[in-house]
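**Q** Structure: input32.txt, compact mmCIF, C-alpha atoms and all ligand atoms.
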# COMPACT_ATOMS: atom_id res chain seq x y z
CA MET M 1 -97.79 110.51 45.89
CA THR M 2 -96.72 111.72 42.39
CA ARG M 3 -99.48 112.24 39.84
CA CYS M 4 -99.70 109.63 37.10
CA PRO M 5 -98.38 111.38 33.93
CA TYR M 6 -100.95 109.72 31.69
CA GLU M 7 -104.59 108.79 31.87
CA GLU M 8 -106.15 105.45 31.09
CA LEU M 9 -109.37 104.41 29.38
CA SER M 10 -110.59 100.89 28.85
CA LEU M 11 -112.06 100.18 25.40
CA ALA M 12 -114.46 97.25 25.18
CA PHE M 13 -114.78 95.24 21.98
CA GLY M 14 -117.36 92.59 22.81
CA ASP M 15 -115.76 90.54 25.61
CA ALA M 16 -112.27 92.01 25.07
CA ALA M 17 -111.01 95.04 27.03
CA VAL M 18 -108.12 97.10 25.62
CA PRO M 19 -106.31 99.71 27.75
CA TYR M 20 -105.88 103.12 26.07
CA LEU M 21 -103.17 105.22 27.78
CA TYR M 22 -102.91 108.90 26.82
CA GLY M 23 -101.37 112.14 27.95
CA SER M 24 -99.21 114.96 26.68
CA GLY M 25 -95.41 114.95 26.89
CA CYS M 26 -95.44 111.55 28.58
CA THR M 27 -93.44 109.36 26.15
CA PRO M 28 -91.00 107.94 28.75
CA ALA M 29 -93.84 106.97 31.09
CA LEU M 30 -95.78 105.40 28.21
CA ALA M 31 -92.72 103.42 27.10
CA ASP M 32 -92.25 102.08 30.64
CA ALA M 33 -95.94 101.16 30.83
CA ILE M 34 -95.80 99.34 27.47
CA VAL M 35 -92.88 97.17 28.56
CA ASP M 36 -94.37 96.57 32.03
CA ARG M 37 -97.69 95.42 30.60
CA LEU M 38 -96.14 93.22 27.92
CA ALA M 39 -93.83 91.75 30.56
CA ALA M 40 -96.82 90.97 32.77
CA GLY M 41 -98.34 88.77 30.03
CA PRO M 42 -97.75 84.99 29.94
CA GLY M 43 -94.05 84.36 29.20
CA GLY M 44 -93.14 88.06 29.50
CA VAL M 45 -91.65 89.91 26.54
CA ASP M 46 -88.32 89.23 24.80
CA ALA M 47 -88.34 91.75 21.90
CA VAL M 48 -90.46 94.28 20.03
CA LEU M 49 -90.57 95.17 16.36
CA LEU M 50 -91.25 98.92 16.16
CA VAL M 51 -92.95 99.67 12.83
CA ALA M 52 -92.30 103.40 12.50
CA ASP M 53 -94.18 105.82 10.21
CA ALA M 54 -91.67 107.86 8.18
CA GLY M 55 -93.67 110.98 9.14
CA VAL M 56 -92.67 110.69 12.81
CA ARG M 57 -88.96 109.80 12.62
CA GLY M 58 -87.96 111.96 15.62
CA PRO M 59 -90.63 110.74 18.08
CA ALA M 60 -90.12 107.15 16.86
CA ALA M 61 -86.39 107.39 17.67
CA VAL M 62 -87.30 108.57 21.19
CA VAL M 63 -89.77 105.69 21.61
CA ALA M 64 -87.16 103.19 20.37
CA ALA M 65 -84.61 104.53 22.86
CA GLU M 66 -87.08 104.53 25.76
CA LEU M 67 -88.36 101.01 25.03
CA GLY M 68 -84.77 99.90 24.44
CA ARG M 69 -83.86 100.58 28.08
CA ASN M 70 -85.93 97.54 29.06
CA VAL M 71 -86.41 95.30 26.02
CA ARG M 72 -84.67 94.48 22.74
CA VAL M 73 -86.04 96.72 19.95
CA ALA M 74 -85.75 96.35 16.17
CA THR M 75 -87.11 99.26 14.12
CA VAL M 76 -88.62 99.02 10.62
CA PRO M 77 -89.39 102.36 8.93
CA LEU M 78 -92.53 102.40 6.77
CA GLN M 79 -93.58 104.90 4.10
CA PRO M 80 -97.31 105.26 4.79
CA GLU M 81 -98.74 105.68 1.31
CA GLU M 82 -101.96 104.04 0.15
CA ARG M 83 -100.03 102.40 -2.73
CA HIS M 84 -97.81 100.68 -0.12
CA LYS M 85 -100.79 99.54 1.96
CA THR M 86 -100.59 96.11 0.35
CA LEU M 87 -99.96 92.43 1.07
CA PRO M 88 -96.31 92.64 -0.16
CA THR M 89 -95.67 95.30 2.53
CA VAL M 90 -97.25 93.01 5.14
CA GLN M 91 -95.00 90.18 3.93
CA HIS M 92 -91.96 92.50 4.21
CA LEU M 93 -92.84 93.13 7.87
CA LEU M 94 -93.34 89.42 8.55
CA GLU M 95 -90.00 88.50 6.92
CA THR M 96 -88.27 91.27 8.90
CA ALA M 97 -89.89 90.11 12.16
CA VAL M 98 -88.64 86.56 11.66
CA ALA M 99 -85.18 87.73 10.51
CA GLU M 100 -84.95 89.91 13.65
CA GLY M 101 -85.59 86.84 15.80
CA LEU M 102 -89.08 87.67 17.09
CA THR M 103 -90.72 84.82 18.97
CA ARG M 104 -94.14 84.08 20.44
CA ARG M 105 -93.00 86.18 23.44
CA SER M 106 -92.46 89.27 21.24
CA ALA M 107 -94.76 92.11 20.17
CA ILE M 108 -95.29 94.38 17.18
CA VAL M 109 -95.52 98.08 18.04
CA ALA M 110 -97.17 100.18 15.30
CA MET M 111 -96.31 103.88 15.57
CA GLY M 112 -97.91 106.26 13.07
CA GLY M 113 -101.10 107.13 11.24
CA GLY M 114 -103.95 104.83 10.28
CA THR M 115 -102.05 103.44 7.30
CA VAL M 116 -99.14 102.13 9.40
CA GLY M 117 -101.61 100.93 12.06
CA ASN M 118 -103.56 98.89 9.51
CA ILE M 119 -100.48 97.36 7.81
CA ALA M 120 -98.71 96.47 11.07
CA GLY M 121 -102.03 95.36 12.59
CA LEU M 122 -102.56 92.84 9.81
CA ALA M 123 -98.94 91.65 10.15
CA ALA M 124 -99.45 91.16 13.91
CA ALA M 125 -102.59 89.11 13.25
CA LEU M 126 -100.66 86.84 10.84
CA LEU M 127 -97.26 86.46 12.56
CA PHE M 128 -97.25 83.06 14.34
CA ARG M 129 -101.07 83.18 13.81
CA GLY M 130 -101.26 86.15 16.19
CA THR M 131 -98.62 88.25 17.96
CA ARG M 132 -99.30 90.92 20.55
CA LEU M 133 -99.96 94.32 18.96
CA VAL M 134 -99.43 97.77 20.49
CA HIS M 135 -100.80 100.83 18.66
CA LEU M 136 -99.04 104.19 19.10
CA PRO M 137 -101.28 106.51 17.01
CA THR M 138 -99.74 109.79 15.77
CA THR M 139 -102.57 111.33 13.68
CA PRO M 140 -106.11 112.35 14.73
CA VAL M 141 -107.63 109.67 12.47
CA ALA M 142 -105.45 107.01 14.07
CA ALA M 143 -105.80 108.29 17.65
CA PHE M 144 -109.50 109.20 17.68
CA ASP M 145 -110.98 106.77 15.15
CA ALA M 146 -108.93 103.94 13.59
CA THR M 147 -107.65 102.54 16.90
CA VAL M 148 -111.24 102.53 18.24
CA SER M 149 -111.79 99.65 15.80
CA LEU M 150 -110.53 96.09 15.39
CA LYS M 151 -110.46 96.33 11.59
CA GLN M 152 -107.03 95.66 10.08
CA GLY M 153 -106.80 95.67 6.32
CA VAL M 154 -104.81 96.45 3.21
CA ASN M 155 -105.75 97.41 -0.35
CA LEU M 156 -106.07 95.18 -3.40
CA SER M 157 -105.74 96.52 -6.94
CA ALA M 158 -109.56 96.78 -7.19
CA GLY M 159 -109.99 99.02 -4.15
CA LYS M 160 -109.36 100.06 -0.57
CA ASN M 161 -109.26 97.76 2.46
CA LEU M 162 -110.42 94.67 0.53
CA ALA M 163 -108.15 92.18 2.36
CA GLY M 164 -107.95 92.06 6.13
CA THR M 165 -109.18 90.74 9.41
CA TYR M 166 -110.27 91.78 12.92
CA PHE M 167 -107.58 91.79 15.59
CA VAL M 168 -107.64 92.88 19.24
CA PRO M 169 -104.55 94.92 20.23
CA ALA M 170 -102.89 94.34 23.59
CA LEU M 171 -102.61 98.07 24.27
CA ILE M 172 -103.03 101.53 22.73
CA ALA M 173 -100.85 104.42 23.93
CA CYS M 174 -100.77 108.00 22.67
CA ASP M 175 -98.60 110.95 23.61
CA LEU M 176 -100.73 113.78 22.18
CA ALA M 177 -97.52 115.77 21.69
CA TRP M 178 -96.82 113.42 18.73
CA LEU M 179 -99.82 114.97 16.92
CA ALA M 180 -98.42 118.52 17.05
CA THR M 181 -96.73 118.21 13.63
CA VAL M 182 -99.77 116.92 11.71
CA PRO M 183 -100.48 119.18 8.68
CA ARG M 184 -103.72 121.16 8.81
CA HIS M 185 -105.53 119.23 6.05
CA ASP M 186 -104.83 115.94 7.85
CA LEU M 187 -105.98 117.46 11.15
CA LEU M 188 -109.27 118.46 9.46
CA THR M 189 -109.85 114.88 8.37
CA GLY M 190 -109.80 113.73 11.96
CA LEU M 191 -111.99 116.62 13.10
CA ALA M 192 -114.69 115.96 10.45
CA GLU M 193 -114.98 112.42 11.83
CA MET M 194 -115.55 113.90 15.31
CA VAL M 195 -118.37 116.12 13.94
CA LYS M 196 -119.81 112.95 12.44
CA ASN M 197 -119.69 111.18 15.80
CA VAL M 198 -121.69 113.98 17.45
CA LEU M 199 -124.30 114.17 14.66
CA VAL M 200 -124.89 110.46 14.40
CA ALA M 201 -124.38 109.12 17.90
CA ALA M 202 -123.60 111.64 20.61
CA PRO M 203 -125.47 114.99 20.37
CA GLU M 204 -124.81 115.49 24.09
CA LEU M 205 -121.11 115.98 23.21
CA GLU M 206 -121.82 118.97 20.91
CA LYS M 207 -120.68 121.59 23.40
CA LYS M 208 -117.50 119.67 24.29
CA LEU M 209 -116.71 119.24 20.57
CA VAL M 210 -117.22 122.93 19.76
CA VAL M 211 -115.00 124.00 22.67
CA ALA M 212 -112.37 121.49 21.56
CA LEU M 213 -112.55 122.52 17.87
CA ASP M 214 -112.18 126.19 18.71
CA GLY M 215 -109.17 125.35 20.87
CA VAL M 216 -107.34 123.42 18.10
CA PRO M 217 -104.54 122.52 18.17
CA ALA M 218 -104.56 122.94 21.96
CA ASP M 219 -107.42 120.68 22.92
CA LEU M 220 -106.55 117.36 21.34
CA ARG M 221 -107.24 115.64 24.66
CA ALA M 222 -110.92 116.71 24.54
CA LEU M 223 -111.15 115.57 20.91
CA LEU M 224 -109.76 112.18 21.83
CA GLU M 225 -112.37 111.90 24.55
CA VAL M 226 -115.18 112.93 22.13
CA GLY M 227 -113.96 110.35 19.61
CA VAL M 228 -113.73 107.54 22.10
CA GLU M 229 -116.84 108.40 24.14
CA ALA M 230 -119.05 108.52 21.04
CA LYS M 231 -117.79 105.37 19.32
CA ALA M 232 -116.91 103.11 22.24
CA PRO M 233 -120.43 101.91 23.19
CA PHE M 234 -121.09 100.91 19.59
CA VAL M 235 -117.89 98.88 19.08
CA ALA M 236 -118.44 97.30 22.51
CA ALA M 237 -121.77 95.92 21.27
CA ASP M 238 -120.74 95.38 17.63
CA PRO M 239 -116.96 94.76 17.62
CA ARG M 240 -116.93 93.73 13.95
CA GLU M 241 -118.81 96.89 12.87
CA ARG M 242 -121.29 94.97 10.73
CA GLY M 243 -124.47 96.00 12.58
CA GLY M 244 -125.19 99.04 14.75
CA ALA M 245 -121.64 100.42 14.45
CA LEU M 246 -122.18 100.92 10.69
CA ILE M 247 -123.70 104.30 11.63
CA PHE M 248 -120.12 105.62 11.66
CA GLU M 249 -120.30 105.36 7.84
CA TYR M 250 -122.43 108.55 8.02
CA GLY M 251 -121.40 110.96 5.25
CA HIS M 252 -119.13 108.33 3.70
CA THR M 253 -121.36 107.24 0.77
CA ALA M 254 -121.34 110.57 -1.08
CA GLY M 255 -118.07 111.50 0.68
CA HIS M 256 -116.08 108.55 -0.71
CA ALA M 257 -117.46 109.21 -4.21
CA ILE M 258 -116.41 112.90 -4.02
CA GLU M 259 -112.96 112.01 -2.63
CA PHE M 260 -112.42 109.34 -5.32
CA VAL M 261 -113.58 111.47 -8.27
CA SER M 262 -111.50 114.45 -7.12
CA GLY M 263 -108.45 112.18 -7.31
CA GLY M 264 -107.65 113.02 -3.70
CA ALA M 265 -107.69 116.81 -4.31
CA ILE M 266 -110.66 116.88 -1.93
CA ARG M 267 -109.28 114.99 1.01
CA HIS M 268 -111.17 112.48 3.11
CA GLY M 269 -112.29 114.79 5.93
CA GLU M 270 -113.52 117.55 3.65
CA ALA M 271 -115.31 114.97 1.44
CA VAL M 272 -117.02 113.42 4.48
CA ALA M 273 -118.14 116.90 5.57
CA TRP M 274 -119.81 117.46 2.15
CA GLY M 275 -121.14 113.88 2.33
CA MET M 276 -122.84 114.63 5.67
CA LEU M 277 -124.48 117.76 4.24
CA ILE M 278 -125.71 115.70 1.26
CA ALA M 279 -127.05 112.98 3.61
CA ALA M 280 -128.83 115.65 5.67
CA GLU M 281 -130.48 117.09 2.54
CA VAL M 282 -131.56 113.59 1.39
CA ALA M 283 -133.04 112.92 4.84
CA ARG M 284 -134.82 116.30 4.85
CA ARG M 285 -136.44 115.57 1.48
CA ARG M 286 -137.38 111.94 2.06
CA HIS M 287 -137.52 111.31 5.81
CA GLY M 288 -138.54 114.60 7.40
CA LEU M 289 -135.23 115.63 8.99
CA SER M 290 -136.04 119.06 10.40
CA ALA M 291 -134.61 122.34 9.13
CA GLU M 292 -133.06 122.90 12.61
CA ASP M 293 -131.24 119.57 12.41
CA VAL M 294 -129.96 120.37 8.91
CA ALA M 295 -128.82 123.76 10.26
CA MET M 296 -126.92 122.01 13.07
CA HIS M 297 -124.95 120.08 10.39
CA HIS M 298 -123.99 123.37 8.73
CA ARG M 299 -123.18 125.01 12.08
CA LEU M 300 -120.82 122.25 13.25
CA ILE M 301 -119.14 121.88 9.86
CA ALA M 302 -118.56 125.67 9.77
CA HIS M 303 -116.13 125.14 12.70
CA LEU M 304 -113.89 123.13 10.32
CA ASP M 305 -113.17 126.30 8.33
CA LEU M 306 -113.64 124.60 4.94
CA PRO M 307 -113.82 126.39 1.58
CA ASP M 308 -117.18 127.02 -0.16
CA ALA M 309 -118.85 123.67 -1.03
CA ALA M 310 -120.32 124.75 -4.38
CA GLY M 311 -116.94 126.02 -5.57
CA ARG M 312 -115.19 122.80 -4.54
CA LEU M 313 -117.74 120.49 -6.16
CA ARG M 314 -118.38 122.49 -9.35
CA GLY M 315 -115.62 120.96 -11.46
CA LEU M 316 -116.22 117.30 -10.54
CA ASP M 317 -117.47 114.98 -13.30
CA ARG M 318 -121.09 114.12 -12.42
CA GLY M 319 -121.05 110.86 -14.44
CA ALA M 320 -117.97 109.73 -12.53
CA ILE M 321 -119.67 110.54 -9.20
CA ARG M 322 -122.70 108.43 -10.22
CA ALA M 323 -120.35 105.55 -11.15
CA ALA M 324 -118.47 105.85 -7.85
CA LEU M 325 -121.76 105.83 -5.91
CA ALA M 326 -122.83 102.68 -7.76
CA ALA M 327 -119.57 100.97 -6.64
CA ASP M 328 -119.94 101.96 -2.95
CA ASN M 329 -118.41 99.34 -0.64
CA LYS M 330 -121.54 99.00 1.56
CA ARG M 331 -123.24 97.07 -1.27
CA GLY M 332 -124.49 93.74 0.02
CA TYR M 333 -125.10 94.87 3.62
CA GLY M 334 -128.83 95.26 2.89
CA PRO M 335 -131.45 95.22 0.14
CA CYS M 336 -130.68 97.73 -2.60
CA ALA M 337 -132.28 97.88 -6.09
CA PRO M 338 -130.34 98.76 -9.25
CA GLY M 339 -129.90 102.54 -9.36
CA GLU M 340 -129.94 102.81 -5.56
CA VAL M 341 -127.16 103.19 -3.02
CA LEU M 342 -127.10 102.39 0.71
CA MET M 343 -126.74 105.36 3.05
CA VAL M 344 -126.78 106.08 6.77
CA LEU M 345 -129.55 108.68 7.21
CA LEU M 346 -130.87 110.48 10.28
CA ASP M 347 -134.44 111.36 11.19
CA GLY M 348 -133.08 113.54 14.00
CA ILE M 349 -129.66 114.37 15.46
CA GLY M 350 -128.32 111.20 17.08
CA ARG M 351 -131.18 109.16 15.56
CA PRO M 352 -130.04 107.00 12.60
CA LEU M 353 -132.89 105.45 10.62
CA PRO M 354 -133.15 101.68 10.97
CA GLY M 355 -132.50 99.58 7.87
CA PRO M 356 -135.26 97.55 6.20
CA ALA M 357 -136.42 94.37 7.98
CA GLY M 358 -134.30 94.89 11.10
CA GLY M 359 -131.05 94.83 9.07
CA PRO M 360 -128.08 97.19 9.53
CA PRO M 361 -128.91 100.94 9.73
CA LEU M 362 -128.54 101.53 5.98
CA VAL M 363 -131.33 102.99 3.84
CA PRO M 364 -131.55 102.46 0.06
CA VAL M 365 -131.67 105.81 -1.79
CA PRO M 366 -131.93 106.38 -5.57
CA VAL M 367 -128.63 107.73 -6.93
CA SER M 368 -130.63 110.51 -8.67
CA VAL M 369 -131.81 111.75 -5.23
CA VAL M 370 -128.21 111.83 -3.94
CA MET M 371 -127.15 113.79 -7.04
CA ASP M 372 -130.01 116.29 -6.56
CA ALA M 373 -128.91 116.81 -2.93
CA LEU M 374 -125.33 117.36 -4.10
CA GLU M 375 -126.48 120.01 -6.60
CA ALA M 376 -128.45 121.71 -3.81
CA LEU M 377 -125.26 122.39 -1.78
N1 LIG B 1 -111.08 101.15 11.25
C1 LIG B 1 -109.91 101.41 10.76
O1 LIG B 1 -109.03 100.62 10.84
C2 LIG B 1 -109.66 102.73 10.08
C3 LIG B 1 -110.42 103.85 10.40
C4 LIG B 1 -110.11 105.07 9.77
C5 LIG B 1 -109.06 105.13 8.83
N2 LIG B 1 -108.35 103.96 8.55
C6 LIG B 1 -107.26 103.99 7.57
O2 LIG B 1 -106.29 104.92 8.00
C7 LIG B 1 -105.62 105.46 6.88
C8 LIG B 1 -105.60 106.97 7.01
O3 LIG B 1 -104.93 107.27 8.21
P1 LIG B 1 -104.39 108.74 8.53
O4 LIG B 1 -105.42 109.73 8.22
O5 LIG B 1 -103.80 108.65 9.87
O6 LIG B 1 -103.29 108.96 7.41
P2 LIG B 1 -101.91 108.22 7.09
O7 LIG B 1 -101.63 107.14 8.03
O8 LIG B 1 -101.95 107.89 5.63
O9 LIG B 1 -100.86 109.40 7.34
C9 LIG B 1 -100.94 110.61 6.57
C10 LIG B 1 -99.58 111.29 6.55
O10 LIG B 1 -99.28 111.80 7.85
C11 LIG B 1 -97.94 111.46 8.19
N3 LIG B 1 -97.88 111.51 9.64
C12 LIG B 1 -98.23 110.57 10.55
N4 LIG B 1 -98.10 111.06 11.80
C13 LIG B 1 -97.66 112.33 11.67
C14 LIG B 1 -97.34 113.37 12.58
N5 LIG B 1 -97.51 113.21 13.90
N6 LIG B 1 -96.89 114.55 12.09
C15 LIG B 1 -96.77 114.75 10.76
N7 LIG B 1 -97.07 113.82 9.83
C16 LIG B 1 -97.50 112.62 10.29
C17 LIG B 1 -97.71 110.15 7.55
O11 LIG B 1 -96.33 109.89 7.37
C18 LIG B 1 -98.44 110.35 6.22
O12 LIG B 1 -97.58 111.00 5.31
C19 LIG B 1 -106.37 105.00 5.64
O13 LIG B 1 -105.63 103.98 5.03
C20 LIG B 1 -107.68 104.46 6.20
O14 LIG B 1 -108.20 103.40 5.43
C21 LIG B 1 -108.63 102.81 9.16
So that I can check it, write out the structure of this file as structure tokens.

**A**
Amino acid sequence: MTRCPYEELSLAFGDAAVPYLYGSGCTPALADAIVDRLAAGPGGVDAVLLVADAGVRGPAAVVAAELGRNVRVATVPLQPEERHKTLPTVQHLLETAVAEGLTRRSAIVAMGGGTVGNIAGLAAALLFRGTRLVHLPTTPVAAFDATVSLKQGVNLSAGKNLAGTYFVPALIACDLAWLATVPRHDLLTGLAEMVKNVLVAAPELEKKLVVALDGVPADLRALLEVGVEAKAPFVAADPRERGGALIFEYGHTAGHAIEFVSGGAIRHGEAVAWGMLIAAEVARRRHGLSAEDVAMHHRLIAHLDLPDAAGRLRGLDRGAIRAALAADNKRGYGPCAPGEVLMVLLDGIGRPLPGPAGGPPLVPVPVSVVMDALEAL
């Protein structure tokens, strides 16, 4: 018997189960599996629209050719910039899908980073009120984090991810060889989210994460497993990420403010790393997080090989950070007085504090306390 060239996980989102196929150097086998599984659905499959991230032109051409041996393929290239993550881009995909003759027996295949996944995911949810969606993630954020989520959304002029829906994909498939060309700063973004997963939900995966981080870029497979293992039980129980799964916002309150005020100069992963250190300091001061647990934050983040925090944060406008904190997108999830912001905080590694009155795990914290913790870095 020949060995299966890819492995398979099953991701649960409430009652729905989504297969996640992954391996390295297995694109032809994945393409065959995608067509086989779509063909096994009611009515089979008559065509796919491959929405291809401009950052992975070569691998996307290979996927198109491999899929094309068994099904009709139309390819739409997409420039994955935040300013294109909009409803007009979704409409462009929908118009293209109809012009290419897609039917209710067709599927949308989204190949690329989280931006392409979100845009094509929303288009799949809207086309004929729901068309089968296949995710082919090509960045760590997409492979280890965004696809372990049903959230599909685009930006409005007022902010990120303000219009969207939840949509269950038919299948996720990842050839880890696609990730080999990801630039280092984008790789770090994905890795910071894995550190977050261990700190907030899965301390037992610390050793596996450290071994995987030190093996980068070799051990993407272990990182994928850390990402999925840590997050999967939470999205299984809370598929809309409005309750217990909100713990994966750890580090994102201060992190988003830092990222926004730096104008993107401090990228998402680095900003989340500083945001986790700020959250740890807030929890130490107000909720008794131990010095050893704070030290574990610093120890894990040191594996990301980031520059010195104080130097990176020194030039950022403090008034603008306060304003960005006040506009945090978790507002409304729980009680929060003027001058406070909602944060995920830990009272131990893997132990998020419960929110007030049995609400989501978000704790109101005065903005002045967050700013003091930032200055302490
Ligand atoms: N729950 C969710 O749905 C969820 C979770 C996390 C992030 N997101 C969203 O994902 C987006 C960020 O995703 P991202 O970090 O993957 O970035 P991205 O999709 O913006 O891609 C970043 C850059 O990498 C390029 N790229 C993609 N694959 C590549 C490869 N293999 N080699 C070289 N370059 C490649 C892209 O062309 C792009 O220029 C944000 O819009 C964020 O809101 C969504």

**Q** Would you name the residues within 8 Å of ligand LIG 1 (chain B), counting only C-alpha atoms and all ligand atoms, and put them as an MDAnalysis selection string?

**A** chainID M and resid 53:56 79:82 85 112:118 137:142 145:154 160:161 178:183 186 189:190

**Q** I'd like to know which of M:Ala17, M:Ala327, M:Leu316, M:Val210 is closest to Ala158 (chain M), using all atoms listed in the file.

**A** M:Ala327

**Q** Quote the spacing between CA of Leu78 (chain M) and CA of Ala52 (chain M) in Å to one decimal place.

**A** 5.8 Å

**Q** Which residues are near region 69-76 of chain M? Cut-off 10 Å, only C-alpha atoms, ignore same chain within fewer than 4 positions. Put them as an MDAnalysis selection string.

**A** chainID M and resid 31:32 35:36 39 45:54 60:61 63:65 92:93 96:97 100:102 106:110

**Q** With all atoms listed in the file as the basis for distance, which of M:Val168, M:Glu249, M:Gly227, M:Val195 is at the shortest distance from Arg299 (chain M)?

**A** M:Val195

**Q** If we count all atoms listed in the file and set the cut-off at 8 Å, which residues sit around Gly251 (chain M), ignoring sequence neighbours fewer than 3 positions away in its own chain? Please answer as a PyMOL selection string.

**A** chain M and resi 196+254-255+272-279+344

**Q** Could you list, as a list in words, every residue within 10 Å of Phe167 (chain M), counting only C-alpha atoms and ignoring same-chain residues fewer than 4 positions away?

**A**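 Within the cut-off, the hits are Gly121, Leu122, Ala124, Ala125, Leu126, Gly130, Thr131, Arg132, Leu133, Ser149, Leu150, Lys151, Gln152 and Arg240 of chain M.
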
**Q** Please save C-alpha atoms of the selected residues as a short mmCIF file (atom, residue, chain, number, x, y, z; two decimals), in the coordinates of the input.

**A**
data_model
loop_
_atom_site.label_atom_id
_atom_site.label_comp_id
_atom_site.auth_asym_id
_atom_site.auth_seq_id
_atom_site.Cartn_x
_atom_site.Cartn_y
_atom_site.Cartn_z
CA GLY M 121 -102.03 95.36 12.59
CA LEU M 122 -102.56 92.84 9.81
CA ALA M 124 -99.45 91.16 13.91
CA ALA M 125 -102.59 89.11 13.25
CA LEU M 126 -100.66 86.84 10.84
CA GLY M 130 -101.26 86.15 16.19
CA THR M 131 -98.62 88.25 17.96
CA ARG M 132 -99.30 90.92 20.55
CA LEU M 133 -99.96 94.32 18.96
CA SER M 149 -111.79 99.65 15.80
CA LEU M 150 -110.53 96.09 15.39
CA LYS M 151 -110.46 96.33 11.59
CA GLN M 152 -107.03 95.66 10.08
CA ARG M 240 -116.93 93.73 13.95
#

**Q** What does the structure give for the distance between CA of Leu345 (chain M) and CA of Ala222 (chain M), in Å to one decimal?

**A**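 Straight-line distance from CA of Leu345 (chain M) to CA of Ala222 (chain M) works out to 26.7 Å.
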
**Q** Would you work out the distance separating CA of Ala163 (chain M) from CA of Tyr333 (chain M), expressed in Å to one decimal?

**A**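 Separation of CA of Ala163 (chain M) and CA of Tyr333 (chain M): 17.2 Å.
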
**Q** Go through M:Arg104, M:His84, M:His135, M:Arg267 and flag the residue nearest His185 (chain M), using only C-alpha atoms for the distances.

**A**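 Distance minimum relative to His185 (chain M) lands on M:Arg267.
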
**Q** With distances taken over all atoms listed in the file, which residue among M:Pro169, M:Gly339, M:Gly43, M:Pro366 lies nearest Ala16 (chain M)?

**A**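 So, comparing all the options, the nearest one is M:Pro169.
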
**Q** Generate all heavy atoms for region 212-216 of chain M and emit them as a compact mmCIF listing (two decimals), keeping the file's coordinate frame.

**A**
# COMPACT_ATOMS: atom_id res chain seq x y z
N ALA M 212 -113.63 122.13 21.97
CA ALA M 212 -112.37 121.49 21.56
C ALA M 212 -111.95 121.97 20.18
O ALA M 212 -110.77 122.25 19.94
CB ALA M 212 -112.53 119.97 21.57
N LEU M 213 -112.89 122.09 19.23
CA LEU M 213 -112.55 122.52 17.87
C LEU M 213 -112.00 123.94 17.89
O LEU M 213 -111.03 124.25 17.23
CB LEU M 213 -113.80 122.50 16.97
CG LEU M 213 -114.31 121.13 16.53
CD1 LEU M 213 -115.57 121.28 15.69
CD2 LEU M 213 -113.26 120.37 15.75
N ASP M 214 -112.62 124.80 18.69
CA ASP M 214 -112.18 126.19 18.71
C ASP M 214 -110.83 126.33 19.42
O ASP M 214 -110.14 127.32 19.25
CB ASP M 214 -113.25 127.08 19.36
CG ASP M 214 -114.49 127.15 18.46
OD1 ASP M 214 -114.38 126.75 17.29
OD2 ASP M 214 -115.56 127.59 18.92
N GLY M 215 -110.46 125.31 20.17
CA GLY M 215 -109.17 125.35 20.87
C GLY M 215 -108.05 124.70 20.08
O GLY M 215 -106.91 124.68 20.51
N VAL M 216 -108.35 124.15 18.89
CA VAL M 216 -107.34 123.42 18.10
C VAL M 216 -106.16 124.32 17.79
O VAL M 216 -106.36 125.48 17.45
CB VAL M 216 -108.00 122.91 16.80
CG1 VAL M 216 -106.96 122.48 15.77
CG2 VAL M 216 -108.94 121.76 17.11
